[in-house]
Amino acid sequence: MPQPIRLKDHEKDARLVKRRVLVGGAVIILLTCVLVVRMYYLQVVQYEHHSTLAENNRIHVQPIPPTRGLIYDRNGVIIADNRPSFSLTVTRERAGDWLQVLDTVVEVLELSDEDRALFERRVRQGRRPFEPVPILFELSEEQIARVAVNQFRLPGVEVAAQLVRHYPLQEHFAHSVGYVGRINEQELKRLDPTEYAGTHHIGKTGIERFYEEELHGEVGYEEVETNARGRVLRVLNRIDPKPGKDIVLSLDSRLQEAAENALGGRRGAVVAIQPKTGEVLAMVSQPSFDPNPFVTGISFKAYGELRDSIDQPLYNRVLRGLYPPGSTIKPMVAVSGLDAGVITPTTRVFDPGFYQLPNNSHKYRNWNRNGDGWIDLNLAIARSNDTYFYDLAHKMGIDRLHDYMSRFGIGQRVALDMFEETAGLMPSRDWKRARFRQPWYPGETLILGIGQGYMQTTPLQLAQATTLMATRGKWIRPHLAKSIDGRQPVDPNPMPDIQLRDPKFWDYSIHGMEEVLHGARGTARKVGDSAVYRIAGKSGTAQVVAIKQGERYDRNKIQERHRDHALFIGFAPVENPQIAVAVMVENGESGSGVAAPVLKQVMDAWLLDSQSGQLKAEFASPQSAEVTVNDDR
């Protein structure tokens, strides 16, 4: 049967539509509220944050590296300055595929694969992708033109003018002033990124490293407006950097040159100190090297030649060279023996040409195999008699000898501002037991008394010990900086002065040192006879290879680099000390014949008037009365 037709319920449909309209309207209102709240959050609550982000798209803060402080010698001669140079920089953030850009740079400038590897390493070391990193220094005019023509192929690459460290005197102060170099990965980890923003070099050695904080200065900043391609449109704000402090060194460039000429191209070291102030007047380590290539990056080949050279030009002999002091230590041993009370100025020892310990057949030879007969302290120093000092060392014993020599700075760092200094070695019972697990033997004490055996010193330590003789024990640490930004350096850890039971003990030993150069039997009397002032000095030789018992030293049977080192120490004028000098000539063999003339040339250059050849007026003083030593046989 057909179904009946039902009428449509319009009211029900109307209610359904109304509900849907209400739900849809509620959803729209809710979404509108969410949108309004979000807009309020972004535009009101986070206004400063997003406005800063927007501003950063237009404004960039660029660091301005400070100008490094200059370094002068005591007379105002510039030793380290800054000179303008055009450098090629790469900014990773703007370069895109910067490795491809480096390939293009090498192609455009026709450089080598070695340069390409160096560029990549420098860019990778850059701390921030938005900071330009210099990859090539001292561009020529042709290189600048090539970069300009190919600029469209080199995004993120720019030619920038920079101040680069320069050492106009080249190798003459390389071991004292040192040099700056590019900041490496290890240094990046310890440096404050804010203080060194925009800085790519740091002091590596010498004064440059020790006074890095003073020389560096404070970084500045500038706010610049850039376009979409990163090009600077204008400078909005600028905070100028503070340049580093200038340093005046105590070194004298003329005396430095005189010391180098006196060495005459031989391997060795010369140190000259002003006794009253501790100022280092000359510091020579030969051979030396030109530090300028290290500033912008020395090539692997050039560095390899320096590193592998048999003459070791990179080796700082003044601060790191360790040598037995030989007989140069005898005046200090003499002062120690007098103060310890084991000898007097008139104590005599018979020298048959050797010394023997009680109940021991081993003979410790004197350099004069025939012997000097009866000898006292004064003649023992003048003649450099080994037998006398064997006996003195035996009476002193290792414990007292170690204590006294340590007071003279042997076996410890003595400088105020030379971080590379090696401590050397003044052996003791405890040291040998820890090092070799062996007891100390009496024979080892004997050879310490003449500066041989385990004892190791640097030329600087010998110069300081000589200064202590000149000042009668007044301790002033040797230092290179005369003033920093007009202020004198301060020793934060001063050493105690050497106090003796009787101050005359200094005079007895110094009188023997005078006799070395001015006495009838002095070992360096030929040098002393030509001096117009009185010098107190002491010669020494340091063995490189041991000589068997009973054998004599024969230079013709020994290779040149195995021959003895020649040493000489001294100060002058004796009555008013103005300079103390230590000289070491590697494989020079004769302290009196080779090292002593070097010492005198250095002293002449400092003490004598260049016109008259006489002692400068400011160094002259009434001669003090000499100490008379009883020479009763």
# chains A, B, ... in the order shown; residues from 1 in each chain; ligands from 1

call {"tool": "select_by_dssp", "arguments": {"residues": "segment 524-611 of chain A", "states": "strand (DSSP E or B)", "output": "list of chain:residue names"}}
result
A:Ala536, A:Gly537, A:Lys538, A:Ser539, A:Gly540, A:Thr541, A:Ala542, A:His565, A:Ala566, A:Leu567, A:Phe568, A:Ile569, A:Gly570, A:Phe571, A:Ala572, A:Ile579, A:Ala580, A:Val581, A:Ala582, A:Val583, A:Met584, A:Val585, A:Leu608

call {"tool": "residues_around", "arguments": {"residues": "Ile71 of chain A", "least_positions_apart": "4", "cutoff": "10 Å", "atoms": "only C-alpha atoms", "output": "PyMOL selection string"}}
result
chain A and resi 76-81+167+177+207-208+215+245-249+481+484

call {"tool": "closest_residue", "arguments": {"among": "A:Asp192, A:Asp115, A:Leu446, A:Leu460", "to": "Ser299 of chain A", "atoms": "only C-alpha atoms"}}
result
A:Asp115

call {"tool": "residues_around", "arguments": {"residues": "Gly321 of chain A", "least_positions_apart": "6", "cutoff": "9 Å", "atoms": "only C-alpha atoms", "output": "PyMOL selection string"}}
result
chain A and resi 269+315+422+424+457-459

call {"tool": "atom_distance", "arguments": {"atom1": "atom CA of Gly178 of chain A", "atom2": "atom CA of Val219 of chain A"}}
result
23.0 Å

call {"tool": "atom_distance", "arguments": {"atom1": "atom CA of Pro494 of chain A", "atom2": "atom CA of Val583 of chain A"}}
result
25.8 Å

call {"tool": "residues_around", "arguments": {"residues": "segment 61-69 of chain A", "least_positions_apart": "4", "cutoff": "9 Å", "atoms": "only C-alpha atoms", "output": "PyMOL selection string"}}
result
chain A and resi 56+80-82+131+163+165+196-200+214-224+239-247

call {"tool": "write_last_selection", "arguments": {"atoms": "N, CA and C atoms", "output": "short mmCIF file (atom, residue, chain, number, x, y, z; two decimals), in the first residue's frame"}}
result
data_model
loop_
_atom_site.label_atom_id
_atom_site.label_comp_id
_atom_site.auth_asym_id
_atom_site.auth_seq_id
_atom_site.Cartn_x
_atom_site.Cartn_y
_atom_site.Cartn_z
N ASN A 56 67.77 44.20 14.46
CA ASN A 56 69.02 43.51 14.15
C ASN A 56 69.13 43.13 12.68
N ALA A 80 108.94 47.74 18.73
CA ALA A 80 107.73 47.10 18.19
C ALA A 80 106.69 48.17 17.96
N ASP A 81 106.23 48.30 16.72
CA ASP A 81 105.20 49.28 16.40
C ASP A 81 104.10 48.63 15.58
N ASN A 82 103.17 49.43 15.11
CA ASN A 82 102.06 48.95 14.30
C ASN A 82 102.06 49.70 12.97
N GLU A 131 81.67 37.73 12.15
CA GLU A 131 82.88 38.56 12.24
C GLU A 131 83.80 38.26 11.05
N LEU A 163 95.95 47.54 11.20
CA LEU A 163 97.27 47.80 11.75
C LEU A 163 97.88 46.45 12.13
N ARG A 165 101.32 44.26 13.57
CA ARG A 165 102.53 44.40 14.38
C ARG A 165 103.76 44.31 13.48
N TYR A 196 88.41 40.18 23.54
CA TYR A 196 89.21 39.95 22.34
C TYR A 196 88.36 39.90 21.07
N ALA A 197 87.14 40.48 21.13
CA ALA A 197 86.29 40.55 19.95
C ALA A 197 86.98 41.38 18.87
N GLY A 198 87.06 40.83 17.68
CA GLY A 198 87.70 41.53 16.57
C GLY A 198 89.21 41.45 16.57
N THR A 199 89.81 40.86 17.62
CA THR A 199 91.26 40.75 17.70
C THR A 199 91.68 39.36 17.22
N HIS A 200 92.68 39.32 16.39
CA HIS A 200 93.11 38.05 15.81
C HIS A 200 94.55 37.67 16.19
N GLU A 214 98.52 44.43 29.37
CA GLU A 214 98.79 45.86 29.28
C GLU A 214 98.87 46.32 27.83
N LEU A 215 99.46 45.51 26.96
CA LEU A 215 99.66 45.90 25.58
C LEU A 215 98.38 45.82 24.75
N HIS A 216 97.45 44.94 25.13
CA HIS A 216 96.28 44.68 24.30
C HIS A 216 95.32 45.86 24.21
N GLY A 217 94.99 46.50 25.32
CA GLY A 217 94.01 47.58 25.31
C GLY A 217 92.59 47.05 25.50
N GLU A 218 91.58 47.93 25.29
CA GLU A 218 90.18 47.56 25.45
C GLU A 218 89.44 47.73 24.14
N VAL A 219 88.63 46.74 23.79
CA VAL A 219 87.92 46.73 22.52
C VAL A 219 86.83 47.79 22.50
N GLY A 220 86.54 48.36 21.32
CA GLY A 220 85.46 49.31 21.14
C GLY A 220 84.38 48.70 20.25
N TYR A 221 83.27 49.41 20.07
CA TYR A 221 82.16 48.90 19.25
C TYR A 221 81.55 50.05 18.45
N GLU A 222 80.92 49.68 17.33
CA GLU A 222 80.14 50.64 16.58
C GLU A 222 78.88 49.96 16.04
N GLU A 223 77.75 50.71 16.08
CA GLU A 223 76.49 50.23 15.53
C GLU A 223 76.38 50.76 14.11
N VAL A 224 76.18 49.85 13.15
CA VAL A 224 76.13 50.25 11.74
C VAL A 224 74.80 49.78 11.13
N ILE A 239 81.63 53.51 20.08
CA ILE A 239 82.40 53.57 21.32
C ILE A 239 83.85 53.28 20.96
N ASP A 240 84.69 54.26 21.08
CA ASP A 240 86.08 54.13 20.66
C ASP A 240 86.83 53.13 21.54
N PRO A 241 87.71 52.35 20.95
CA PRO A 241 88.54 51.43 21.76
C PRO A 241 89.62 52.20 22.51
N LYS A 242 90.12 51.61 23.59
CA LYS A 242 91.22 52.20 24.34
C LYS A 242 92.52 51.50 23.92
N PRO A 243 93.47 52.25 23.39
CA PRO A 243 94.71 51.62 22.93
C PRO A 243 95.49 51.00 24.09
N GLY A 244 96.33 50.01 23.75
CA GLY A 244 97.17 49.39 24.76
C GLY A 244 98.22 50.34 25.30
N LYS A 245 98.76 50.00 26.45
CA LYS A 245 99.76 50.86 27.09
C LYS A 245 101.12 50.69 26.41
N ASP A 246 101.83 51.79 26.30
CA ASP A 246 103.20 51.74 25.76
C ASP A 246 104.15 51.27 26.85
N ILE A 247 105.16 50.52 26.44
CA ILE A 247 106.16 49.99 27.37
C ILE A 247 107.55 50.47 26.95
#

call {"tool": "closest_residue", "arguments": {"among": "A:Pro577, A:Pro132, A:Gly537, A:Pro492", "to": "Leu599 of chain A", "atoms": "only C-alpha atoms"}}
result
A:Gly537

call {"tool": "residues_around", "arguments": {"residues": "Arg365 of chain A", "least_positions_apart": "6", "cutoff": "7 Å", "atoms": "only C-alpha atoms", "output": "PDB file with C-alpha atoms, in the first residue's frame"}}
result
ATOM      1  CA  GLY A 353     147.917  19.305  40.799  1.00  0.00           C
ATOM      2  CA  PHE A 354     145.100  17.167  42.167  1.00  0.00           C
ATOM      3  CA  TYR A 355     142.904  16.531  45.200  1.00  0.00           C
TER       4      TYR A 355
END

call {"tool": "select_by_dssp", "arguments": {"residues": "segment 40-183 of chain A", "states": "helix (DSSP H, G or I)", "output": "number ranges by chain"}}
result
A: 40-45, 47-56, 92-95, 98-109, 113-124, 141-149, 151-153, 170-173

call {"tool": "atom_distance", "arguments": {"atom1": "atom CA of Ser336 of chain A", "atom2": "atom CA of Val414 of chain A"}}
result
19.3 Å

call {"tool": "residues_around", "arguments": {"residues": "segment 282-285 of chain A", "least_positions_apart": "6", "cutoff": "8 Å", "atoms": "only C-alpha atoms", "output": "PDB file with C-alpha atoms, in the first residue's frame"}}
result
ATOM      1  CA  HIS A 172     118.005  42.010  17.259  1.00  0.00           C
ATOM      2  CA  PHE A 173     115.342  41.735  19.987  1.00  0.00           C
ATOM      3  CA  HIS A 175     114.406  36.668  22.117  1.00  0.00           C
ATOM      4  CA  SER A 176     113.641  39.478  24.568  1.00  0.00           C
ATOM      5  CA  LEU A 251     117.325  47.486  26.942  1.00  0.00           C
ATOM      6  CA  ASP A 252     119.739  49.732  25.061  1.00  0.00           C
ATOM      7  CA  SER A 253     119.744  49.117  21.298  1.00  0.00           C
ATOM      8  CA  LEU A 255     124.610  48.167  23.682  1.00  0.00           C
ATOM      9  CA  GLN A 256     122.641  45.278  22.192  1.00  0.00           C
ATOM     10  CA  ALA A 259     127.160  42.736  22.348  1.00  0.00           C
ATOM     11  CA  GLU A 260     126.127  41.061  19.095  1.00  0.00           C
ATOM     12  CA  ARG A 267     126.666  30.695  19.094  1.00  0.00           C
ATOM     13  CA  GLY A 268     126.222  32.029  22.578  1.00  0.00           C
ATOM     14  CA  ALA A 269     124.566  34.447  24.963  1.00  0.00           C
ATOM     15  CA  VAL A 270     125.341  37.793  26.581  1.00  0.00           C
ATOM     16  CA  VAL A 271     123.419  39.399  29.455  1.00  0.00           C
ATOM     17  CA  ALA A 272     124.189  42.842  30.876  1.00  0.00           C
ATOM     18  CA  ILE A 273     122.459  44.161  34.017  1.00  0.00           C
ATOM     19  CA  ASN A 316     116.492  31.354  23.771  1.00  0.00           C
ATOM     20  CA  ARG A 317     119.906  30.596  25.242  1.00  0.00           C
ATOM     21  CA  VAL A 318     119.694  33.407  27.797  1.00  0.00           C
TER      22      VAL A 318
END

call {"tool": "closest_atom_pairs", "arguments": {"of": "segment 418-463 of chain A", "to": "segment 398-408 of chain A", "cutoff": "12 Å", "atoms": "only C-alpha atoms", "output": "CSV"}}
result
residue,atom,partner,partner_atom,distance
A:Ala423,CA,A:Ser406,CA,11.1
A:Gly424,CA,A:Ser406,CA,10.9
A:Leu425,CA,A:Ser406,CA,9.6
A:Met426,CA,A:His402,CA,6.5
A:Pro427,CA,A:His402,CA,7.0
A:Ser428,CA,A:His402,CA,6.3
A:Arg429,CA,A:Ile398,CA,7.5
A:Asp430,CA,A:Asp399,CA,9.9
A:Trp431,CA,A:His402,CA,10.9
A:Lys432,CA,A:Ile398,CA,11.5
A:Pro439,CA,A:Ile398,CA,11.8
A:Trp440,CA,A:Ile398,CA,8.4
A:Tyr441,CA,A:Ile398,CA,9.2
A:Pro442,CA,A:Ile398,CA,8.1
A:Gly443,CA,A:Ile398,CA,10.2
A:Glu444,CA,A:Ile398,CA,8.5
A:Thr445,CA,A:Ile398,CA,5.6
A:Leu446,CA,A:Ile398,CA,8.9
A:Ile447,CA,A:Ile398,CA,10.7
A:Leu448,CA,A:Ile398,CA,8.5
A:Gly449,CA,A:Leu401,CA,8.2
A:Ile450,CA,A:Leu401,CA,11.6
A:Gly451,CA,A:Met405,CA,10.7
A:Tyr454,CA,A:His402,CA,11.9
A:Met455,CA,A:His402,CA,10.1
A:Gln456,CA,A:Met405,CA,11.8
A:Thr457,CA,A:Met405,CA,11.2
A:Leu460,CA,A:Phe408,CA,11.9
A:Gln461,CA,A:Phe408,CA,8.5
A:Leu462,CA,A:Phe408,CA,9.0
A:Ala463,CA,A:Phe408,CA,10.5

call {"tool": "closest_residue", "arguments": {"among": "A:Asp73, A:Glu187, A:Glu305, A:Glu138", "to": "Val164 of chain A", "atoms": "only C-alpha atoms"}}
result
A:Glu138

call {"tool": "closest_residue", "arguments": {"among": "A:Arg209, A:Lys616, A:Arg94, A:Arg19", "to": "Tyr533 of chain A", "atoms": "only C-alpha atoms"}}
result
A:Lys616

call {"tool": "closest_residue", "arguments": {"among": "A:Gly473, A:Gly373, A:Gly304, A:Pro331", "to": "Met513 of chain A", "atoms": "only C-alpha atoms"}}
result
A:Pro331
